[in-house]
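Data file: input23.cif. Format and content: mmCIF, C-alpha atoms.
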data_run
#
loop_
_atom_site.group_PDB
_atom_site.id
_atom_site.type_symbol
_atom_site.label_atom_id
_atom_site.label_comp_id
_atom_site.auth_asym_id
_atom_site.auth_seq_id
_atom_site.Cartn_x
_atom_site.Cartn_y
_atom_site.Cartn_z
ATOM 1 C CA MET V 275 -143.222 -213.778 136.680
ATOM 2 C CA GLU V 276 -139.457 -213.664 136.946
ATOM 3 C CA LEU V 277 -137.727 -215.590 134.204
ATOM 4 C CA ASN V 278 -134.106 -216.540 133.796
ATOM 5 C CA GLU V 279 -132.497 -216.216 130.376
ATOM 6 C CA ASN V 280 -133.335 -219.803 129.407
ATOM 7 C CA GLU V 281 -136.968 -219.431 130.415
ATOM 8 C CA LEU V 282 -137.120 -216.184 128.500
ATOM 9 C CA ALA V 283 -135.642 -217.896 125.449
ATOM 10 C CA TRP V 284 -138.218 -220.683 125.811
ATOM 11 C CA TRP V 285 -140.975 -218.101 125.792
ATOM 12 C CA GLU V 286 -139.517 -216.453 122.676
ATOM 13 C CA MET V 287 -139.152 -219.819 120.972
ATOM 14 C CA SER V 288 -142.679 -220.856 121.866
ATOM 15 C CA VAL V 289 -144.242 -217.657 120.591
ATOM 16 C CA THR V 290 -142.189 -217.766 117.384
ATOM 17 C CA SER V 291 -143.232 -221.359 116.892
ATOM 18 C CA LEU V 292 -146.907 -220.503 117.557
ATOM 19 C CA ILE V 293 -146.787 -217.749 114.929
ATOM 20 C CA LEU V 294 -144.989 -219.872 112.336
ATOM 21 C CA GLN V 295 -147.263 -222.857 112.900
ATOM 22 C CA ARG V 296 -150.295 -220.601 112.622
ATOM 23 C CA ALA V 297 -148.939 -219.160 109.371
ATOM 24 C CA TRP V 298 -148.351 -222.681 108.052
ATOM 25 C CA GLN V 299 -151.843 -223.675 109.127
ATOM 26 C CA MET V 300 -153.272 -220.714 107.208
ATOM 27 C CA GLU V 301 -151.212 -221.429 104.115
ATOM 28 C CA LEU V 302 -152.251 -225.081 104.139
ATOM 29 C CA GLY V 303 -155.840 -224.057 104.901
ATOM 30 C CA GLN V 304 -155.881 -222.210 101.581
ATOM 31 C CA ILE V 305 -155.398 -225.554 99.836
ATOM 32 C CA GLY V 306 -157.862 -227.366 102.094
ATOM 33 C CA LEU V 307 -155.423 -229.105 104.433
ATOM 34 C CA THR V 308 -154.494 -228.917 108.118
ATOM 35 C CA VAL V 309 -150.987 -229.211 109.604
ATOM 36 C CA PRO V 310 -151.535 -232.687 111.147
ATOM 37 C CA GLN V 311 -153.071 -233.970 107.902
ATOM 38 C CA THR V 312 -150.101 -232.632 105.955
ATOM 39 C CA LEU V 313 -147.619 -234.244 108.325
ATOM 40 C CA VAL V 314 -149.400 -237.593 107.877
ATOM 41 C CA LEU V 315 -149.485 -237.205 104.083
ATOM 42 C CA ILE V 316 -145.732 -236.510 104.039
ATOM 43 C CA ALA V 317 -144.874 -239.317 106.454
ATOM 44 C CA VAL V 318 -146.944 -241.865 104.511
ATOM 45 C CA ALA V 319 -145.745 -240.707 101.085
ATOM 46 C CA ASP V 320 -142.092 -240.583 102.093
ATOM 47 C CA SER V 321 -142.011 -243.869 103.987
ATOM 48 C CA PRO V 322 -139.870 -246.387 102.117
ATOM 49 C CA GLU V 323 -141.985 -249.234 103.470
ATOM 50 C CA PRO V 324 -145.640 -249.830 104.447
ATOM 51 C CA ILE V 325 -146.371 -247.691 107.457
ATOM 52 C CA THR V 326 -148.380 -248.614 110.541
ATOM 53 C CA PRO V 327 -150.336 -246.195 112.773
ATOM 54 C CA MET V 328 -147.850 -246.981 115.570
ATOM 55 C CA LYS V 329 -144.926 -245.913 113.431
ATOM 56 C CA LEU V 330 -146.760 -242.719 112.456
ATOM 57 C CA SER V 331 -147.274 -242.022 116.133
ATOM 58 C CA ARG V 332 -143.522 -242.396 116.727
ATOM 59 C CA ILE V 333 -142.526 -240.320 113.718
ATOM 60 C CA LEU V 334 -144.961 -237.514 114.486
ATOM 61 C CA HIS V 335 -144.412 -237.620 118.248
ATOM 62 C CA ARG V 336 -148.101 -237.922 118.939
ATOM 63 C CA GLU V 337 -150.030 -240.340 121.133
ATOM 64 C CA PRO V 338 -151.333 -243.452 119.350
ATOM 65 C CA HIS V 339 -154.961 -242.494 120.120
ATOM 66 C CA THR V 340 -154.395 -239.045 118.590
ATOM 67 C CA ILE V 341 -153.012 -240.592 115.401
ATOM 68 C CA SER V 342 -155.782 -243.151 115.337
ATOM 69 C CA ALA V 343 -158.481 -240.453 115.517
ATOM 70 C CA LEU V 344 -156.670 -238.408 112.873
ATOM 71 C CA LEU V 345 -156.416 -241.404 110.529
ATOM 72 C CA THR V 346 -160.115 -242.183 110.987
ATOM 73 C CA ARG V 347 -161.001 -238.623 109.975
ATOM 74 C CA MET V 348 -158.594 -238.700 107.038
ATOM 75 C CA GLU V 349 -160.044 -242.010 105.876
ATOM 76 C CA ALA V 350 -163.559 -240.526 106.021
ATOM 77 C CA GLN V 351 -162.272 -237.613 103.908
ATOM 78 C CA GLY V 352 -160.915 -240.101 101.399
ATOM 79 C CA LEU V 353 -157.261 -239.123 101.877
ATOM 80 C CA VAL V 354 -155.906 -242.377 103.284
ATOM 81 C CA LYS V 355 -156.830 -246.012 103.269
ATOM 82 C CA LYS V 356 -156.300 -248.342 106.219
ATOM 83 C CA GLU V 357 -155.643 -251.863 105.047
ATOM 84 C CA ARG V 358 -155.792 -254.767 107.431
ATOM 85 C CA ASN V 359 -153.594 -257.762 106.931
ATOM 86 C CA LEU V 360 -155.795 -260.691 107.909
ATOM 87 C CA GLU V 361 -152.856 -263.032 108.345
ATOM 88 C CA ARG V 362 -151.272 -260.728 110.874
ATOM 89 C CA GLY V 363 -154.409 -260.004 112.896
ATOM 90 C CA ASN V 364 -154.617 -256.379 113.879
ATOM 91 C CA TRP V 365 -151.687 -255.261 111.750
ATOM 92 C CA VAL V 366 -152.863 -252.173 109.860
ATOM 93 C CA ARG V 367 -151.039 -250.504 107.015
ATOM 94 C CA VAL V 368 -151.778 -246.936 105.953
ATOM 95 C CA THR V 369 -151.599 -245.880 102.314
ATOM 96 C CA LEU V 370 -152.592 -242.785 100.366
ATOM 97 C CA THR V 371 -155.653 -242.865 98.124
ATOM 98 C CA LYS V 372 -155.627 -241.114 94.750
ATOM 99 C CA LYS V 373 -157.149 -238.080 96.484
ATOM 100 C CA GLY V 374 -154.467 -238.354 99.176
ATOM 101 C CA LYS V 375 -151.696 -238.415 96.574
ATOM 102 C CA GLU V 376 -153.192 -235.327 94.937
ATOM 103 C CA ALA V 377 -153.309 -233.595 98.341
ATOM 104 C CA TYR V 378 -149.663 -234.562 98.882
ATOM 105 C CA GLN V 379 -148.722 -232.950 95.555
ATOM 106 C CA ARG V 380 -150.776 -229.875 96.420
ATOM 107 C CA GLN V 381 -149.055 -229.310 99.776
ATOM 108 C CA LEU V 382 -145.649 -229.488 98.058
ATOM 109 C CA LYS V 383 -146.546 -226.247 96.315
ATOM 110 C CA ALA V 384 -147.318 -224.410 99.563
ATOM 111 C CA LYS V 385 -143.854 -222.943 99.867
ATOM 112 C CA LYS V 386 -144.150 -219.609 101.627
ATOM 113 C CA VAL V 387 -143.910 -220.658 105.267
ATOM 114 C CA ARG V 388 -141.524 -223.493 104.472
ATOM 115 C CA ASN V 389 -139.076 -220.925 103.187
ATOM 116 C CA VAL V 390 -139.394 -218.618 106.184
ATOM 117 C CA THR V 391 -135.671 -218.981 106.944
ATOM 118 C CA GLU V 392 -134.918 -217.007 103.777
ATOM 119 C CA CYS V 393 -134.826 -214.055 106.196
ATOM 120 C CA LEU V 394 -131.653 -215.507 107.768
ATOM 121 C CA SER V 395 -128.124 -215.372 106.429
ATOM 122 C CA ARG V 396 -126.521 -218.592 105.278
ATOM 123 C CA GLN V 397 -124.333 -218.648 108.370
ATOM 124 C CA GLU V 398 -127.329 -218.105 110.640
ATOM 125 C CA LEU V 399 -129.145 -220.941 108.922
ATOM 126 C CA GLU V 400 -126.248 -223.273 109.670
ATOM 127 C CA GLU V 401 -126.203 -222.093 113.279
ATOM 128 C CA LEU V 402 -129.955 -222.646 113.525
ATOM 129 C CA ASN V 403 -129.697 -226.187 112.212
ATOM 130 C CA LYS V 404 -126.901 -226.903 114.662
ATOM 131 C CA MET V 405 -128.910 -225.570 117.597
ATOM 132 C CA ASN V 406 -132.024 -227.432 116.521
ATOM 133 C CA ARG V 407 -130.051 -230.665 116.617
ATOM 134 C CA LYS V 408 -128.896 -229.907 120.164
ATOM 135 C CA LEU V 409 -132.352 -228.844 121.320
ATOM 136 C CA ARG V 410 -133.925 -231.890 119.776
ATOM 137 C CA ALA V 411 -131.468 -234.233 121.468
ATOM 138 C CA ARG V 412 -132.174 -232.561 124.808
ATOM 139 C CA GLY V 413 -135.928 -232.692 124.131
ATOM 140 C CA VAL V 414 -135.771 -236.400 123.375
ATOM 141 C CA GLN V 415 -133.778 -236.937 126.569
ATOM 142 C CA LEU V 416 -136.408 -235.058 128.615
ATOM 143 C CA LEU V 417 -139.184 -237.065 126.959
ATOM 144 C CA ARG V 418 -137.429 -240.317 127.812
ATOM 145 C CA GLU V 419 -137.030 -239.224 131.435
ATOM 146 C CA MET V 420 -140.732 -238.430 131.696
ATOM 147 C CA LEU V 421 -142.020 -241.392 129.731
ATOM 148 C CA PRO V 422 -141.318 -244.576 131.689
ATOM 149 C CA SER V 423 -142.313 -246.757 128.776
ATOM 150 C CA PRO V 424 -141.847 -244.733 125.611
ATOM 151 C CA TYR V 425 -143.998 -245.869 122.720
ATOM 152 C CA GLY V 426 -140.959 -245.708 120.562
ATOM 153 C CA ASP V 427 -137.778 -243.918 119.747
ATOM 154 C CA PRO V 428 -138.108 -240.676 117.891
ATOM 155 C CA LEU V 429 -136.939 -241.359 114.381
ATOM 156 C CA TRP V 430 -136.364 -237.865 113.107
ATOM 157 C CA MET A 170 -139.515 -234.932 97.976
ATOM 158 C CA GLU A 171 -136.688 -232.626 97.024
ATOM 159 C CA LEU A 172 -136.153 -229.871 99.542
ATOM 160 C CA ASN A 173 -134.014 -226.769 99.331
ATOM 161 C CA GLU A 174 -131.971 -225.742 102.363
ATOM 162 C CA ASN A 175 -134.715 -223.496 103.719
ATOM 163 C CA GLU A 176 -137.344 -226.192 103.390
ATOM 164 C CA LEU A 177 -135.013 -228.630 105.065
ATOM 165 C CA ALA A 178 -134.455 -226.155 107.909
ATOM 166 C CA TRP A 179 -138.241 -225.742 108.228
ATOM 167 C CA TRP A 180 -138.580 -229.466 108.584
ATOM 168 C CA GLU A 181 -135.865 -229.565 111.244
ATOM 169 C CA MET A 182 -137.457 -226.661 113.089
ATOM 170 C CA SER A 183 -140.907 -228.210 112.941
ATOM 171 C CA VAL A 184 -139.758 -231.558 114.262
ATOM 172 C CA THR A 185 -137.699 -229.928 117.028
ATOM 173 C CA SER A 186 -140.701 -227.829 117.948
ATOM 174 C CA LEU A 187 -142.990 -230.900 117.931
ATOM 175 C CA ILE A 188 -140.634 -232.731 120.288
ATOM 176 C CA LEU A 189 -140.196 -229.782 122.646
ATOM 177 C CA GLN A 190 -143.902 -229.020 122.721
ATOM 178 C CA ARG A 191 -144.645 -232.658 123.404
ATOM 179 C CA ALA A 192 -142.110 -232.669 126.224
ATOM 180 C CA TRP A 193 -143.695 -229.525 127.659
ATOM 181 C CA GLN A 194 -147.126 -231.107 127.314
ATOM 182 C CA MET A 195 -145.921 -234.142 129.256
ATOM 183 C CA GLU A 196 -144.281 -232.065 131.963
ATOM 184 C CA LEU A 197 -147.423 -229.953 132.374
ATOM 185 C CA GLY A 198 -149.553 -233.103 132.228
ATOM 186 C CA GLN A 199 -147.766 -234.316 135.353
ATOM 187 C CA ILE A 200 -149.257 -231.340 137.208
ATOM 188 C CA GLY A 201 -152.662 -231.701 135.569
ATOM 189 C CA LEU A 202 -152.417 -228.971 132.946
ATOM 190 C CA THR A 203 -152.294 -228.757 129.161
ATOM 191 C CA VAL A 204 -150.151 -226.374 127.091
ATOM 192 C CA PRO A 205 -153.086 -224.205 125.901
ATOM 193 C CA GLN A 206 -154.451 -223.989 129.459
ATOM 194 C CA THR A 207 -151.023 -222.950 130.739
ATOM 195 C CA LEU A 208 -150.670 -220.275 128.058
ATOM 196 C CA VAL A 209 -154.071 -218.868 129.049
ATOM 197 C CA LEU A 210 -153.182 -218.951 132.766
ATOM 198 C CA ILE A 211 -149.946 -217.047 132.070
ATOM 199 C CA ALA A 212 -151.586 -214.535 129.732
ATOM 200 C CA VAL A 213 -154.410 -213.807 132.184
ATOM 201 C CA ALA A 214 -152.133 -213.672 135.247
ATOM 202 C CA ASP A 215 -149.541 -211.463 133.568
ATOM 203 C CA SER A 216 -151.952 -209.047 131.938
ATOM 204 C CA PRO A 217 -151.671 -205.624 133.551
ATOM 205 C CA GLU A 218 -155.331 -204.934 132.823
ATOM 206 C CA PRO A 219 -158.604 -206.896 132.562
ATOM 207 C CA ILE A 220 -158.299 -209.208 129.598
ATOM 208 C CA THR A 221 -160.951 -210.012 127.007
ATOM 209 C CA PRO A 222 -161.245 -213.267 125.022
ATOM 210 C CA MET A 223 -160.452 -211.252 121.881
ATOM 211 C CA LYS A 224 -157.204 -210.020 123.356
ATOM 212 C CA LEU A 225 -156.293 -213.568 124.428
ATOM 213 C CA SER A 226 -156.910 -214.682 120.881
ATOM 214 C CA ARG A 227 -154.483 -212.027 119.622
ATOM 215 C CA ILE A 228 -151.857 -212.741 122.246
ATOM 216 C CA LEU A 229 -151.968 -216.505 121.744
ATOM 217 C CA HIS A 230 -152.330 -216.358 117.963
ATOM 218 C CA ARG A 231 -155.387 -218.540 117.991
ATOM 219 C CA GLU A 232 -158.786 -218.085 116.365
ATOM 220 C CA PRO A 233 -161.437 -216.436 118.573
ATOM 221 C CA HIS A 234 -163.635 -219.559 118.427
ATOM 222 C CA THR A 235 -160.695 -221.721 119.587
ATOM 223 C CA ILE A 236 -160.082 -219.426 122.563
ATOM 224 C CA SER A 237 -163.783 -219.267 123.304
ATOM 225 C CA ALA A 238 -164.068 -223.080 123.441
ATOM 226 C CA LEU A 239 -160.904 -223.288 125.566
ATOM 227 C CA LEU A 240 -162.237 -220.693 128.020
ATOM 228 C CA THR A 241 -165.557 -222.519 128.296
ATOM 229 C CA ARG A 242 -163.730 -225.727 129.203
ATOM 230 C CA MET A 243 -161.433 -223.907 131.638
ATOM 231 C CA GLU A 244 -164.446 -222.248 133.263
ATOM 232 C CA ALA A 245 -166.115 -225.658 133.667
ATOM 233 C CA GLN A 246 -162.886 -226.888 135.303
ATOM 234 C CA GLY A 247 -163.033 -223.941 137.691
ATOM 235 C CA LEU A 248 -159.776 -222.367 136.477
ATOM 236 C CA VAL A 249 -161.128 -219.102 135.067
ATOM 237 C CA LYS A 250 -164.170 -216.946 135.501
ATOM 238 C CA LYS A 251 -165.833 -215.034 132.680
ATOM 239 C CA GLU A 252 -167.434 -211.856 133.948
ATOM 240 C CA ARG A 253 -169.862 -209.891 131.866
ATOM 241 C CA ASN A 254 -170.068 -206.166 132.155
ATOM 242 C CA LEU A 255 -173.782 -205.427 131.815
ATOM 243 C CA GLU A 256 -173.204 -201.797 131.006
ATOM 244 C CA ARG A 257 -171.005 -202.666 128.066
ATOM 245 C CA GLY A 258 -173.196 -205.358 126.576
ATOM 246 C CA ASN A 259 -171.209 -208.324 125.463
ATOM 247 C CA TRP A 260 -167.922 -207.167 126.944
ATOM 248 C CA VAL A 261 -166.455 -210.156 128.755
ATOM 249 C CA ARG A 262 -163.502 -210.053 131.094
ATOM 250 C CA VAL A 263 -161.527 -213.164 132.016
ATOM 251 C CA THR A 264 -160.037 -213.605 135.490
ATOM 252 C CA LEU A 265 -158.410 -216.468 137.358
ATOM 253 C CA THR A 266 -160.320 -218.230 140.123
ATOM 254 C CA LYS A 267 -158.552 -219.320 143.322
ATOM 255 C CA LYS A 268 -158.029 -222.709 141.679
ATOM 256 C CA GLY A 269 -156.717 -220.957 138.567
ATOM 257 C CA LYS A 270 -154.231 -218.946 140.614
ATOM 258 C CA GLU A 271 -153.041 -222.152 142.287
ATOM 259 C CA ALA A 272 -152.620 -223.762 138.866
ATOM 260 C CA TYR A 273 -150.655 -220.720 137.719
ATOM 261 C CA GLN A 274 -148.310 -221.101 140.688
ATOM 262 C CA ARG A 275 -147.998 -224.826 139.996
ATOM 263 C CA GLN A 276 -146.982 -224.378 136.362
ATOM 264 C CA LEU A 277 -144.254 -221.936 137.429
ATOM 265 C CA LYS A 278 -142.511 -224.854 139.083
ATOM 266 C CA ALA A 279 -142.486 -226.967 135.914
ATOM 267 C CA LYS A 280 -139.039 -225.874 134.865
ATOM 268 C CA LYS A 281 -137.421 -228.706 132.970
ATOM 269 C CA VAL A 282 -138.583 -228.013 129.433
ATOM 270 C CA ARG A 283 -138.519 -224.265 129.954
ATOM 271 C CA ASN A 284 -134.802 -224.540 130.577
ATOM 272 C CA VAL A 285 -134.097 -226.709 127.549
ATOM 273 C CA THR A 286 -131.721 -224.079 126.132
ATOM 274 C CA GLU A 287 -129.302 -224.870 128.962
ATOM 275 C CA CYS A 288 -127.773 -227.224 126.381
ATOM 276 C CA LEU A 289 -126.662 -224.189 124.343
ATOM 277 C CA SER A 290 -123.711 -221.900 124.990
ATOM 278 C CA ARG A 291 -124.391 -218.329 126.037
ATOM 279 C CA GLN A 292 -123.384 -217.089 122.602
ATOM 280 C CA GLU A 293 -125.661 -219.601 120.904
ATOM 281 C CA LEU A 294 -128.535 -218.498 123.120
ATOM 282 C CA GLU A 295 -128.039 -214.907 122.001
ATOM 283 C CA GLU A 296 -127.906 -216.031 118.380
ATOM 284 C CA LEU A 297 -131.081 -218.052 118.876
ATOM 285 C CA ASN A 298 -132.949 -215.097 120.357
ATOM 286 C CA LYS A 299 -131.805 -212.911 117.477
ATOM 287 C CA MET A 300 -132.953 -215.447 114.892
ATOM 288 C CA ASN A 301 -136.258 -215.963 116.654
ATOM 289 C CA ARG A 302 -136.926 -212.234 116.407
ATOM 290 C CA LYS A 303 -136.225 -212.313 112.666
ATOM 291 C CA LEU A 304 -138.311 -215.442 112.110
ATOM 292 C CA ARG A 305 -141.162 -214.032 114.123
ATOM 293 C CA ALA A 306 -141.171 -210.770 112.164
ATOM 294 C CA ARG A 307 -141.235 -212.732 108.914
ATOM 295 C CA GLY A 308 -143.971 -215.021 110.290
ATOM 296 C CA VAL A 309 -146.122 -212.052 111.256
ATOM 297 C CA GLN A 310 -145.579 -210.581 107.795
ATOM 298 C CA LEU A 311 -146.681 -213.850 106.161
ATOM 299 C CA LEU A 312 -149.740 -214.002 108.432
ATOM 300 C CA ARG A 313 -150.710 -210.449 107.480
ATOM 301 C CA GLU A 314 -150.369 -211.265 103.792
ATOM 302 C CA MET A 315 -152.631 -214.294 104.148
ATOM 303 C CA LEU A 316 -155.169 -212.748 106.491
ATOM 304 C CA PRO A 317 -157.060 -210.064 104.582
ATOM 305 C CA SER A 318 -158.699 -208.786 107.746
ATOM 306 C CA PRO A 319 -156.510 -209.773 110.657
ATOM 307 C CA TYR A 320 -158.352 -210.053 113.947
ATOM 308 C CA GLY A 321 -155.604 -208.065 115.511
ATOM 309 C CA ASP A 322 -151.944 -207.293 115.532
ATOM 310 C CA PRO A 323 -149.724 -209.834 117.197
ATOM 311 C CA LEU A 324 -148.654 -208.274 120.453
ATOM 312 C CA TRP A 325 -145.648 -210.405 121.265
#

Give the structure from the file, written as structure tokens.
Amino acid sequence: MELNENELAWWEMSVTSLILQRAWQMELGQIGLTVPQTLVLIAVADSPEPITPMKLSRILHREPHTISALLTRMEAQGLVKKERNLERGNWVRVTLTKKGKEAYQRQLKAKKVRNVTECLSRQELEELNKMNRKLRARGVQLLREMLPSPYGDPLW
Amino acid sequence: MELNENELAWWEMSVTSLILQRAWQMELGQIGLTVPQTLVLIAVADSPEPITPMKLSRILHREPHTISALLTRMEAQGLVKKERNLERGNWVRVTLTKKGKEAYQRQLKAKKVRNVTECLSRQELEELNKMNRKLRARGVQLLREMLPSPYGDPLW
């Protein structure tokens, strides 16, 4: 397979991301959580207003049916509660249960992988953040091109 | 949630990675493939020697049971073939079928997301590659610390 320098960089990025995500998954696994669960806990806890499954799907860049299945599992595990607003029909709001709030606190203390950029200099960190912003903007643009009817604008 | 600059960078990296992986997933979806399937196709096609499920699990940084389930599905879809070597007991070798080779060729032409770093300058690209090497080394170190008996050294 002959790769140009961008394709090579994509490969490097993907592998690095696979390794870091796997490390995060292991670290969270030690406190009984998965990466998707943790992302939902953070998104729900940090949302300034009641959050709907659709908004979670936008924030986490995952298909609505993926989020829906995840929420059903997390509800069965007692981490979240789905509340229906009868006046607004199918409008569902997701909140954390007591157990969910405890899990949220627990994941805050899993700090090893989150601090992986300690291995970079301060200047490199700034560069990395700058490049991530560019890559994200380009990624969102590509997503929009491929998704004729996007289920929402990426918020982050 | 109060985050230090590393934790903030982790967040930025994770979201960027989520968006890019989702874009890649969509692009591959247009040609009937998923990201994990594509990674397996590439790993099998590019391997200079017969490849075992265990080696795939090391290369792709995924648990053996995850790879095993993925290979079973890909075999059912006619993309790969698992051949057993009777003389060596349970030794299984994975190869691509004709359909698998066609899928491999097809994914080569999905070039949009793979070239996402076109939005960076040449100097930035070099910086990015350098940082990815550092982050990967640190990620592997973290994985080793958490995995008392690693199922193999990361090869990439």

Apply the PyMOL selection byres ((chain V) within 8 of (chain A)) to the file shown and report the selected residues as a VMD selection string.
chain V and resid 275 280 to 281 283 to 287 289 to 294 296 to 297 300 to 301 320 334 to 336 386 to 394 398 to 399 402 to 403 405 to 410 412 to 414 416 to 417 420 430

Keeping only C-alpha atoms, take the residues you just selected and write them out as a PDB file, in the coordinates of the input.
ATOM      1  CA  MET V 275    -143.222-213.778 136.680  1.00  0.00           C
ATOM      2  CA  ASN V 280    -133.335-219.803 129.407  1.00  0.00           C
ATOM      3  CA  GLU V 281    -136.968-219.431 130.415  1.00  0.00           C
ATOM      4  CA  ALA V 283    -135.642-217.896 125.449  1.00  0.00           C
ATOM      5  CA  TRP V 284    -138.218-220.683 125.811  1.00  0.00           C
ATOM      6  CA  TRP V 285    -140.975-218.101 125.792  1.00  0.00           C
ATOM      7  CA  GLU V 286    -139.517-216.453 122.676  1.00  0.00           C
ATOM      8  CA  MET V 287    -139.152-219.819 120.972  1.00  0.00           C
ATOM      9  CA  VAL V 289    -144.242-217.657 120.591  1.00  0.00           C
ATOM     10  CA  THR V 290    -142.189-217.766 117.384  1.00  0.00           C
ATOM     11  CA  SER V 291    -143.232-221.359 116.892  1.00  0.00           C
ATOM     12  CA  LEU V 292    -146.907-220.503 117.557  1.00  0.00           C
ATOM     13  CA  ILE V 293    -146.787-217.749 114.929  1.00  0.00           C
ATOM     14  CA  LEU V 294    -144.989-219.872 112.336  1.00  0.00           C
ATOM     15  CA  ARG V 296    -150.295-220.601 112.622  1.00  0.00           C
ATOM     16  CA  ALA V 297    -148.939-219.160 109.371  1.00  0.00           C
ATOM     17  CA  MET V 300    -153.272-220.714 107.208  1.00  0.00           C
ATOM     18  CA  GLU V 301    -151.212-221.429 104.115  1.00  0.00           C
ATOM     19  CA  ASP V 320    -142.092-240.583 102.093  1.00  0.00           C
ATOM     20  CA  LEU V 334    -144.961-237.514 114.486  1.00  0.00           C
ATOM     21  CA  HIS V 335    -144.412-237.620 118.248  1.00  0.00           C
ATOM     22  CA  ARG V 336    -148.101-237.922 118.939  1.00  0.00           C
ATOM     23  CA  LYS V 386    -144.150-219.609 101.627  1.00  0.00           C
ATOM     24  CA  VAL V 387    -143.910-220.658 105.267  1.00  0.00           C
ATOM     25  CA  ARG V 388    -141.524-223.493 104.472  1.00  0.00           C
ATOM     26  CA  ASN V 389    -139.076-220.925 103.187  1.00  0.00           C
ATOM     27  CA  VAL V 390    -139.394-218.618 106.184  1.00  0.00           C
ATOM     28  CA  THR V 391    -135.671-218.981 106.944  1.00  0.00           C
ATOM     29  CA  GLU V 392    -134.918-217.007 103.777  1.00  0.00           C
ATOM     30  CA  CYS V 393    -134.826-214.055 106.196  1.00  0.00           C
ATOM     31  CA  LEU V 394    -131.653-215.507 107.768  1.00  0.00           C
ATOM     32  CA  GLU V 398    -127.329-218.105 110.640  1.00  0.00           C
ATOM     33  CA  LEU V 399    -129.145-220.941 108.922  1.00  0.00           C
ATOM     34  CA  LEU V 402    -129.955-222.646 113.525  1.00  0.00           C
ATOM     35  CA  ASN V 403    -129.697-226.187 112.212  1.00  0.00           C
ATOM     36  CA  MET V 405    -128.910-225.570 117.597  1.00  0.00           C
ATOM     37  CA  ASN V 406    -132.024-227.432 116.521  1.00  0.00           C
ATOM     38  CA  ARG V 407    -130.051-230.665 116.617  1.00  0.00           C
ATOM     39  CA  LYS V 408    -128.896-229.907 120.164  1.00  0.00           C
ATOM     40  CA  LEU V 409    -132.352-228.844 121.320  1.00  0.00           C
ATOM     41  CA  ARG V 410    -133.925-231.890 119.776  1.00  0.00           C
ATOM     42  CA  ARG V 412    -132.174-232.561 124.808  1.00  0.00           C
ATOM     43  CA  GLY V 413    -135.928-232.692 124.131  1.00  0.00           C
ATOM     44  CA  VAL V 414    -135.771-236.400 123.375  1.00  0.00           C
ATOM     45  CA  LEU V 416    -136.408-235.058 128.615  1.00  0.00           C
ATOM     46  CA  LEU V 417    -139.184-237.065 126.959  1.00  0.00           C
ATOM     47  CA  MET V 420    -140.732-238.430 131.696  1.00  0.00           C
ATOM     48  CA  TRP V 430    -136.364-237.865 113.107  1.00  0.00           C
TER      49      TRP V 430
END

Which neighbours of Lys268 of chain A fall inside 10 Å, counting all atoms listed in the file, when residues of the same chain fewer than 6 positions from it are skipped, and could you give them as a PDB file with C-alpha atoms, keeping the file's coordinate frame?
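Heads up, here's the output in part.pdb:
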ATOM      1  CA  GLN A 246    -162.886-226.888 135.303  1.00  0.00           C
ATOM      2  CA  GLY A 247    -163.033-223.941 137.691  1.00  0.00           C
ATOM      3  CA  LEU A 248    -159.776-222.367 136.477  1.00  0.00           C
ATOM      4  CA  VAL A 249    -161.128-219.102 135.067  1.00  0.00           C
ATOM      5  CA  GLN A 274    -148.310-221.101 140.688  1.00  0.00           C
TER       6      GLN A 274
END

Output of the PyMOL selection byres ((chain A and resi 244) around 12), listed as a list in words
Gln206, Val209, Leu210, Ile236, Ser237, Ala238, Leu239, Leu240, Thr241, Arg242, Met243, Ala245, Gln246, Gly247, Leu248, Val249, Lys250, Lys251, Glu252, Val263, Thr264, Leu265, Thr266, Lys268 and Gly269 of chain A

Please determine an axis-aligned box that encloses all atoms of segment 269-281 of chain A listed in the file, with 5 Å added on each side, and express its centre and edge lengths in Å to one decimal as lines of an AutoDock Vina configuration file.
center_x = -147.1
center_y = -223.8
center_z = 137.6
size_x = 29.3
size_y = 19.8
size_z = 19.3

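The two atoms in question, atom CA of Pro205 of chain A and atom CA of Ala317 of chain V, are spaced 26.0 Å apart.
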
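You will find atom CA of Ala272 of chain A at 16.3 Å from atom CA of Ser216 of chain A.
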
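Atom pair atom CA of Ile220 of chain A / atom CA of Thr203 of chain A has a distance of 20.5 Å (rounded to one decimal).
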